[in-house]
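**Q** Coordinates in protein_6.csv, CSV, C-alpha atoms, are listed below.
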chain,number,residue,atom,x,y,z
H,1,MET,CA,173.7,24.4,22.2
H,2,ALA,CA,176.0,27.0,20.7
H,3,LEU,CA,174.8,26.0,17.2
H,4,ASN,CA,171.2,26.3,18.2
H,5,ILE,CA,171.8,29.8,19.5
H,6,LEU,CA,173.6,30.8,16.4
H,7,LYS,CA,170.7,29.7,14.2
H,8,PHE,CA,168.6,32.4,16.0
H,9,PHE,CA,170.9,35.1,14.6
H,10,ILE,CA,171.0,33.9,11.1
H,11,PRO,CA,169.0,36.3,8.9
H,12,LYS,CA,166.0,34.8,7.2
H,13,ASP,CA,166.6,36.8,4.0
H,14,LYS,CA,164.4,34.6,1.9
H,15,VAL,CA,161.4,35.1,4.1
H,16,PHE,CA,161.4,38.9,3.5
H,17,TYR,CA,162.3,38.7,-0.2
H,18,THR,CA,159.6,36.1,-0.8
H,19,LEU,CA,157.0,38.2,1.1
H,20,PHE,CA,157.9,41.4,-0.8
H,21,GLU,CA,157.8,39.5,-4.1
H,22,ASN,CA,154.4,38.0,-3.2
H,23,ALA,CA,153.1,41.5,-2.4
H,24,SER,CA,154.4,43.2,-5.5
H,25,SER,CA,153.0,40.3,-7.7
H,26,ASN,CA,149.7,40.7,-5.9
H,27,ILE,CA,149.7,44.4,-6.7
H,28,GLU,CA,150.4,43.7,-10.4
H,29,GLN,CA,147.3,41.4,-10.4
H,30,ILE,CA,145.1,44.1,-8.9
H,31,ALA,CA,146.4,46.7,-11.4
H,32,VAL,CA,145.5,44.3,-14.3
H,33,LYS,CA,142.0,44.1,-12.8
H,34,LEU,CA,141.8,47.9,-12.6
H,35,VAL,CA,142.5,48.2,-16.4
H,36,GLU,CA,140.0,45.4,-17.0
H,37,LEU,CA,137.5,47.3,-14.9
H,38,VAL,CA,137.7,50.6,-16.6
H,39,ARG,CA,137.2,48.9,-20.0
H,40,GLU,CA,134.1,47.1,-18.9
H,41,THR,CA,130.8,48.9,-19.7
H,42,ASP,CA,128.5,46.6,-17.7
H,43,PHE,CA,127.9,47.6,-14.1
H,44,ASN,CA,127.3,44.1,-12.8
H,45,LYS,CA,130.4,42.7,-14.5
H,46,ARG,CA,132.4,45.6,-13.0
H,47,ALA,CA,131.0,44.6,-9.6
H,48,SER,CA,132.3,41.1,-10.1
H,49,ILE,CA,135.8,42.4,-11.0
H,50,ILE,CA,135.7,44.6,-7.9
H,51,LYS,CA,135.0,41.6,-5.7
H,52,GLU,CA,138.1,39.9,-7.2
H,53,MET,CA,140.1,43.1,-6.4
H,54,GLU,CA,138.7,43.0,-2.9
H,55,ASP,CA,140.1,39.5,-2.4
H,56,LEU,CA,143.5,40.6,-3.7
H,57,GLU,CA,143.5,43.6,-1.4
H,58,HIS,CA,142.7,41.3,1.6
H,59,GLN,CA,145.5,39.0,0.5
H,60,ASN,CA,147.9,41.9,0.5
H,61,ASP,CA,146.8,43.0,4.0
H,62,ASP,CA,147.7,39.5,5.1
H,63,ILE,CA,151.1,39.6,3.5
H,64,THR,CA,151.8,43.0,5.0
H,65,HIS,CA,150.9,41.7,8.5
H,66,GLU,CA,153.2,38.7,7.9
H,67,ILE,CA,156.1,41.0,7.1
H,68,PHE,CA,155.5,42.9,10.3
H,69,VAL,CA,155.4,39.6,12.3
H,70,GLU,CA,158.6,38.4,10.7
H,71,LEU,CA,160.2,41.8,11.4
H,72,GLY,CA,159.3,41.3,15.1
H,73,LYS,CA,160.7,37.7,15.2
H,74,ASN,CA,164.0,38.3,13.4
H,75,PHE,CA,166.9,40.0,15.1
H,76,ILE,CA,168.9,40.4,11.9
H,77,THR,CA,167.3,41.5,8.7
H,78,PRO,CA,168.6,41.7,5.1
H,79,PHE,CA,168.4,45.5,5.1
H,80,ASP,CA,167.3,48.2,7.6
H,81,ARG,CA,164.2,47.4,9.6
H,82,GLU,CA,163.0,50.9,8.8
H,83,ASP,CA,163.3,50.3,5.1
H,84,ILE,CA,161.5,46.9,5.4
H,85,HIS,CA,158.7,48.6,7.3
H,86,SER,CA,158.5,51.5,4.9
H,87,LEU,CA,158.4,49.3,1.8
H,88,ALA,CA,155.8,47.0,3.3
H,89,LEU,CA,153.5,50.1,4.0
H,90,ALA,CA,154.2,51.6,0.5
H,91,LEU,CA,153.2,48.4,-1.3
H,92,ASP,CA,150.1,48.0,0.9
H,93,ASP,CA,149.2,51.7,0.1
H,94,ILE,CA,149.4,51.1,-3.6
H,95,CYS,CA,147.0,48.2,-3.3
H,96,ASP,CA,144.6,50.1,-1.1
H,97,HIS,CA,144.4,53.1,-3.5
H,98,ILE,CA,143.9,50.9,-6.6
H,99,TYR,CA,141.1,49.1,-4.8
H,100,ALA,CA,139.6,52.3,-3.5
H,101,SER,CA,139.5,53.7,-7.0
H,102,ALA,CA,137.7,50.7,-8.3
H,103,LYS,CA,135.1,50.9,-5.6
H,104,LYS,CA,134.4,54.6,-6.2
H,105,ILE,CA,133.7,54.0,-9.9
H,106,ASN,CA,130.8,51.7,-9.2
H,107,PHE,CA,129.7,53.4,-5.9
H,108,TYR,CA,129.3,56.7,-7.7
H,109,LYS,CA,128.0,55.0,-10.8
H,110,VAL,CA,130.5,56.8,-13.0
H,111,ASP,CA,131.1,55.7,-16.6
H,112,PRO,CA,134.7,54.5,-16.6
H,113,SER,CA,135.1,55.1,-20.4
H,114,ASP,CA,136.1,58.6,-19.3
H,115,GLN,CA,139.5,59.3,-21.0
H,116,GLY,CA,141.1,60.5,-17.9
H,117,ILE,CA,140.1,57.4,-15.9
H,118,GLN,CA,141.3,55.0,-18.5
H,119,LYS,CA,144.6,56.8,-19.0
H,120,LEU,CA,145.3,57.0,-15.3
H,121,ALA,CA,144.5,53.2,-15.0
H,122,GLU,CA,147.1,52.5,-17.7
H,123,VAL,CA,149.7,54.6,-16.1
H,124,ILE,CA,149.1,52.9,-12.7
H,125,TYR,CA,149.6,49.5,-14.4
H,126,ASP,CA,152.9,50.7,-16.0
H,127,SER,CA,154.1,52.0,-12.7
H,128,VAL,CA,153.2,48.9,-10.8
H,129,LEU,CA,155.0,46.8,-13.4
H,130,ALA,CA,158.2,48.8,-12.7
H,131,VAL,CA,157.7,48.4,-8.9
H,132,ASN,CA,157.3,44.7,-9.3
H,133,GLN,CA,160.5,44.4,-11.5
H,134,ALA,CA,162.4,46.5,-8.9
H,135,VAL,CA,161.3,44.3,-6.0
H,136,LEU,CA,162.3,41.2,-7.8
H,137,GLU,CA,165.9,42.6,-8.2
H,138,LEU,CA,166.2,43.2,-4.4
H,139,ARG,CA,166.9,39.6,-3.7
H,140,ASN,CA,170.5,39.8,-4.8
H,141,LEU,CA,171.1,43.5,-5.7
H,142,LYS,CA,173.4,42.5,-8.6
H,143,ASN,CA,171.6,44.4,-11.3
H,144,THR,CA,171.4,47.8,-9.7
H,145,LYS,CA,171.1,49.5,-13.1
H,146,LYS,CA,167.9,47.7,-13.8
H,147,ILE,CA,166.6,48.8,-10.4
H,148,VAL,CA,167.5,52.4,-11.0
H,149,ASP,CA,165.9,52.2,-14.5
H,150,CYS,CA,162.7,50.9,-12.8
H,151,VAL,CA,162.7,53.8,-10.3
H,152,ILE,CA,163.1,56.3,-13.2
H,153,LYS,CA,160.1,54.7,-14.9
H,154,ILE,CA,158.1,54.9,-11.6
H,155,ASN,CA,158.9,58.6,-11.2
H,156,SER,CA,158.1,59.3,-14.9
H,157,ALA,CA,154.8,57.5,-14.5
H,158,GLU,CA,154.0,59.7,-11.5
H,159,ASN,CA,154.8,62.8,-13.5
H,160,GLN,CA,152.6,61.6,-16.3
H,161,ALA,CA,149.8,60.9,-13.9
H,162,ASP,CA,150.0,64.5,-12.6
H,163,ASP,CA,149.7,65.8,-16.2
H,164,ILE,CA,146.7,63.5,-16.9
H,165,PHE,CA,145.1,64.6,-13.7
H,166,ASP,CA,145.5,68.3,-14.5
H,167,LEU,CA,144.2,67.9,-18.0
H,168,SER,CA,141.3,65.8,-16.9
H,169,ILE,CA,140.2,68.4,-14.3
H,170,GLU,CA,140.5,71.1,-16.8
H,171,ARG,CA,138.3,69.1,-19.3
H,172,LEU,CA,135.9,68.3,-16.6
H,173,PHE,CA,135.2,71.9,-15.7
H,174,GLU,CA,134.9,72.8,-19.3
H,175,THR,CA,132.4,70.1,-20.3
H,176,GLU,CA,130.5,69.1,-17.2
H,177,ASN,CA,127.7,71.3,-15.8
H,178,ASP,CA,126.4,68.9,-13.2
H,179,ALA,CA,128.2,69.8,-9.9
H,180,LYS,CA,127.7,66.3,-8.5
H,181,GLN,CA,129.4,64.7,-11.5
H,182,VAL,CA,132.3,67.1,-11.1
H,183,ILE,CA,132.8,66.1,-7.5
H,184,LYS,CA,132.5,62.4,-8.2
H,185,ARG,CA,134.9,62.4,-11.1
H,186,ARG,CA,137.4,64.6,-9.4
H,187,GLU,CA,137.5,62.3,-6.4
H,188,ILE,CA,138.1,59.3,-8.7
H,189,TYR,CA,140.9,61.1,-10.6
H,190,GLN,CA,142.5,62.0,-7.3
H,191,THR,CA,142.4,58.5,-5.9
H,192,LEU,CA,143.9,57.1,-9.1
H,193,GLU,CA,146.6,59.7,-9.2
H,194,ASN,CA,147.4,59.0,-5.5
H,195,ALA,CA,148.1,55.4,-6.4
H,196,THR,CA,151.0,56.6,-8.6
H,197,ASP,CA,152.3,58.7,-5.7
H,198,LYS,CA,152.3,55.5,-3.6
H,199,CYS,CA,154.3,53.7,-6.3
H,200,GLU,CA,156.8,56.6,-6.2
H,201,ASP,CA,157.0,56.1,-2.4
H,202,ALA,CA,157.9,52.5,-2.9
H,203,GLY,CA,160.4,53.4,-5.6
H,204,ASN,CA,162.1,55.9,-3.2
H,205,VAL,CA,162.4,53.2,-0.5
H,206,ILE,CA,163.9,50.7,-3.0
H,207,GLU,CA,166.3,53.4,-4.2
H,208,SER,CA,167.4,54.0,-0.6
H,209,ILE,CA,168.1,50.3,-0.2
H,210,VAL,CA,170.2,50.2,-3.3
H,211,VAL,CA,172.2,53.2,-2.2
H,212,LYS,CA,172.9,51.6,1.2
H,213,TYR,CA,173.6,48.1,0.2
H,214,ALA,CA,174.5,47.8,-3.5
Just dump the structure as structure tokens.
**A**
Amino acid sequence: MALNILKFFIPKDKVFYTLFENASSNIEQIAVKLVELVRETDFNKRASIIKEMEDLEHQNDDITHEIFVELGKNFITPFDREDIHSLALALDDICDHIYASAKKINFYKVDPSDQGIQKLAEVIYDSVLAVNQAVLELRNLKNTKKIVDCVIKINSAENQADDIFDLSIERLFETENDAKQVIKRREIYQTLENATDKCEDAGNVIESIVVKYA
């Protein structure tokens, strides 16, 4: 009986690590699809890619829900419950903003060959790669330097996205006379840039975990 009770208090570290790794891998896949989308000139083919991204977004929602379920079931966790909750939300937000960006491109019938859109998609991909690498290192926290390097890359990507956003808006007002196009493109730029903000949020949570437990 005592042994059975003890099992209840043993932390299921692998459950949380695996779920976070699945989520970050999923986000990497949707970021790849975003880059593919902005390079595709055919509207219908983009619609097909968006459907694939929608499936990935739903999968990520399921993973996030599972993390919260496990958080409610487990008395002991590998790191602070607040950090687990925050990281799960941050990863889900990244996925949501990437998918939202893709939807807006076809919904507004905007040509994604726009230089600002393509550059922001590439920066998102670079940032997501760094997030995924950092998440993979959480399982044992042995290579803290690699995690810190990843966080630096994420922060750098966010700064780069800010610069691309500002230049894109400046170029947009200089070259586009159609007010509707200005509104559409600005909203897409903003949603793309927000995705890098969410990557930075995830990086901040990961950095906090490293400071506490490494």
**Q** Just give me the gap between atom CA of Ala88 of chain H and atom CA of Phe107 of chain H in Å, one decimal is fine.
**A**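 So the answer is 28.4 Å.
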**Q** Counting only C-alpha atoms, which of H:Ile206, H:Leu89, H:Val128, H:Ala102 gets nearest to Glu158 of chain H?
**A**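 Among the listed residues, the smallest separation from Glu158 of chain H belongs to H:Val128.
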**Q** Work out how far apart atom CA of Phe20 of chain H and atom CA of Arg46 of chain H are and give it in Å to one decimal.
**A**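 Pair atom CA of Phe20 of chain H / atom CA of Arg46 of chain H returns 28.6 Å.
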**Q** So, counting all atoms listed in the file, which residue among H:Lys142, H:Lys212, H:Lys103, H:Lys198 is closest to Pro78 of chain H?
**A**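 Looking only at the distances to Pro78 of chain H, the closest residue turns out to be H:Lys212.
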**Q** Pick the closest to Cys150 of chain H from H:Asp162, H:Glu82, H:Glu28, H:Glu200: which is it, counting all atoms listed in the file?
**A**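 Closest to Cys150 of chain H of all the choices is H:Glu200.
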**Q** Taking 5 positions as the minimum chain separation for residues in the same chain, which residues sit within 12 Å of Ser208 of chain H when counting all atoms listed in the file? Answer as an NGL selection string.
**A** :H and (79-80 or 82-84 or 86-87 or 138 or 144 or 147-148 or 151 or 201-203 or 213-214)
**Q** Would you mind putting back N, CA and C atoms on segment 99-127 of chain H, then writing it out as a short mmCIF file (atom, residue, chain, number, x, y, z; two decimals), in the frame of the given file?
**A**
data_model
loop_
_atom_site.label_atom_id
_atom_site.label_comp_id
_atom_site.auth_asym_id
_atom_site.auth_seq_id
_atom_site.Cartn_x
_atom_site.Cartn_y
_atom_site.Cartn_z
N TYR H 99 142.38 49.63 -5.20
CA TYR H 99 141.10 49.10 -4.80
C TYR H 99 140.06 50.16 -4.54
N ALA H 100 140.48 51.20 -3.83
CA ALA H 100 139.60 52.30 -3.50
C ALA H 100 139.07 53.00 -4.78
N SER H 101 139.94 53.14 -5.77
CA SER H 101 139.50 53.70 -7.00
C SER H 101 138.45 52.91 -7.72
N ALA H 102 138.64 51.61 -7.73
CA ALA H 102 137.70 50.70 -8.30
C ALA H 102 136.32 50.80 -7.65
N LYS H 103 136.34 50.81 -6.33
CA LYS H 103 135.10 50.90 -5.60
C LYS H 103 134.33 52.19 -5.87
N LYS H 104 135.06 53.30 -5.95
CA LYS H 104 134.40 54.60 -6.20
C LYS H 104 133.73 54.65 -7.54
N ILE H 105 134.31 53.99 -8.53
CA ILE H 105 133.70 54.00 -9.90
C ILE H 105 132.31 53.46 -9.87
N ASN H 106 132.11 52.32 -9.23
CA ASN H 106 130.80 51.70 -9.20
C ASN H 106 129.89 52.38 -8.11
N PHE H 107 130.50 52.75 -6.99
CA PHE H 107 129.70 53.40 -5.90
C PHE H 107 129.09 54.69 -6.41
N TYR H 108 129.85 55.47 -7.17
CA TYR H 108 129.30 56.70 -7.70
C TYR H 108 128.61 56.57 -9.04
N LYS H 109 128.59 55.31 -9.54
CA LYS H 109 128.00 55.00 -10.80
C LYS H 109 128.48 55.91 -11.94
N VAL H 110 129.81 56.00 -12.00
CA VAL H 110 130.50 56.80 -13.00
C VAL H 110 130.90 55.93 -14.18
N ASP H 111 130.71 56.45 -15.38
CA ASP H 111 131.10 55.70 -16.60
C ASP H 111 132.64 55.74 -16.69
N PRO H 112 133.28 54.57 -16.59
CA PRO H 112 134.70 54.50 -16.60
C PRO H 112 135.36 54.67 -17.99
N SER H 113 134.52 54.84 -19.01
CA SER H 113 135.10 55.10 -20.40
C SER H 113 135.67 56.45 -20.48
N ASP H 114 135.50 57.25 -19.44
CA ASP H 114 136.10 58.60 -19.30
C ASP H 114 137.61 58.47 -19.68
N GLN H 115 138.07 59.35 -20.56
CA GLN H 115 139.50 59.30 -21.00
C GLN H 115 140.47 59.42 -19.91
N GLY H 116 140.20 60.31 -18.97
CA GLY H 116 141.10 60.50 -17.90
C GLY H 116 141.24 59.28 -16.98
N ILE H 117 140.11 58.63 -16.69
CA ILE H 117 140.10 57.40 -15.90
C ILE H 117 140.89 56.32 -16.54
N GLN H 118 140.66 56.13 -17.82
CA GLN H 118 141.30 55.00 -18.50
C GLN H 118 142.83 55.27 -18.64
N LYS H 119 143.21 56.49 -18.92
CA LYS H 119 144.60 56.80 -19.00
C LYS H 119 145.36 56.64 -17.70
N LEU H 120 144.71 57.08 -16.63
CA LEU H 120 145.30 57.00 -15.30
C LEU H 120 145.46 55.48 -14.91
N ALA H 121 144.46 54.67 -15.25
CA ALA H 121 144.50 53.20 -15.00
C ALA H 121 145.72 52.59 -15.69
N GLU H 122 145.94 53.00 -16.92
CA GLU H 122 147.10 52.50 -17.70
C GLU H 122 148.41 52.89 -17.13
N VAL H 123 148.48 54.14 -16.68
CA VAL H 123 149.70 54.60 -16.10
C VAL H 123 150.01 53.90 -14.76
N ILE H 124 148.96 53.65 -13.98
CA ILE H 124 149.10 52.90 -12.70
C ILE H 124 149.68 51.50 -13.06
N TYR H 125 149.13 50.86 -14.06
CA TYR H 125 149.60 49.50 -14.40
C TYR H 125 151.09 49.56 -14.82
N ASP H 126 151.49 50.55 -15.64
CA ASP H 126 152.90 50.70 -16.00
C ASP H 126 153.79 50.90 -14.82
N SER H 127 153.33 51.74 -13.89
CA SER H 127 154.10 52.00 -12.70
C SER H 127 154.24 50.80 -11.80
#
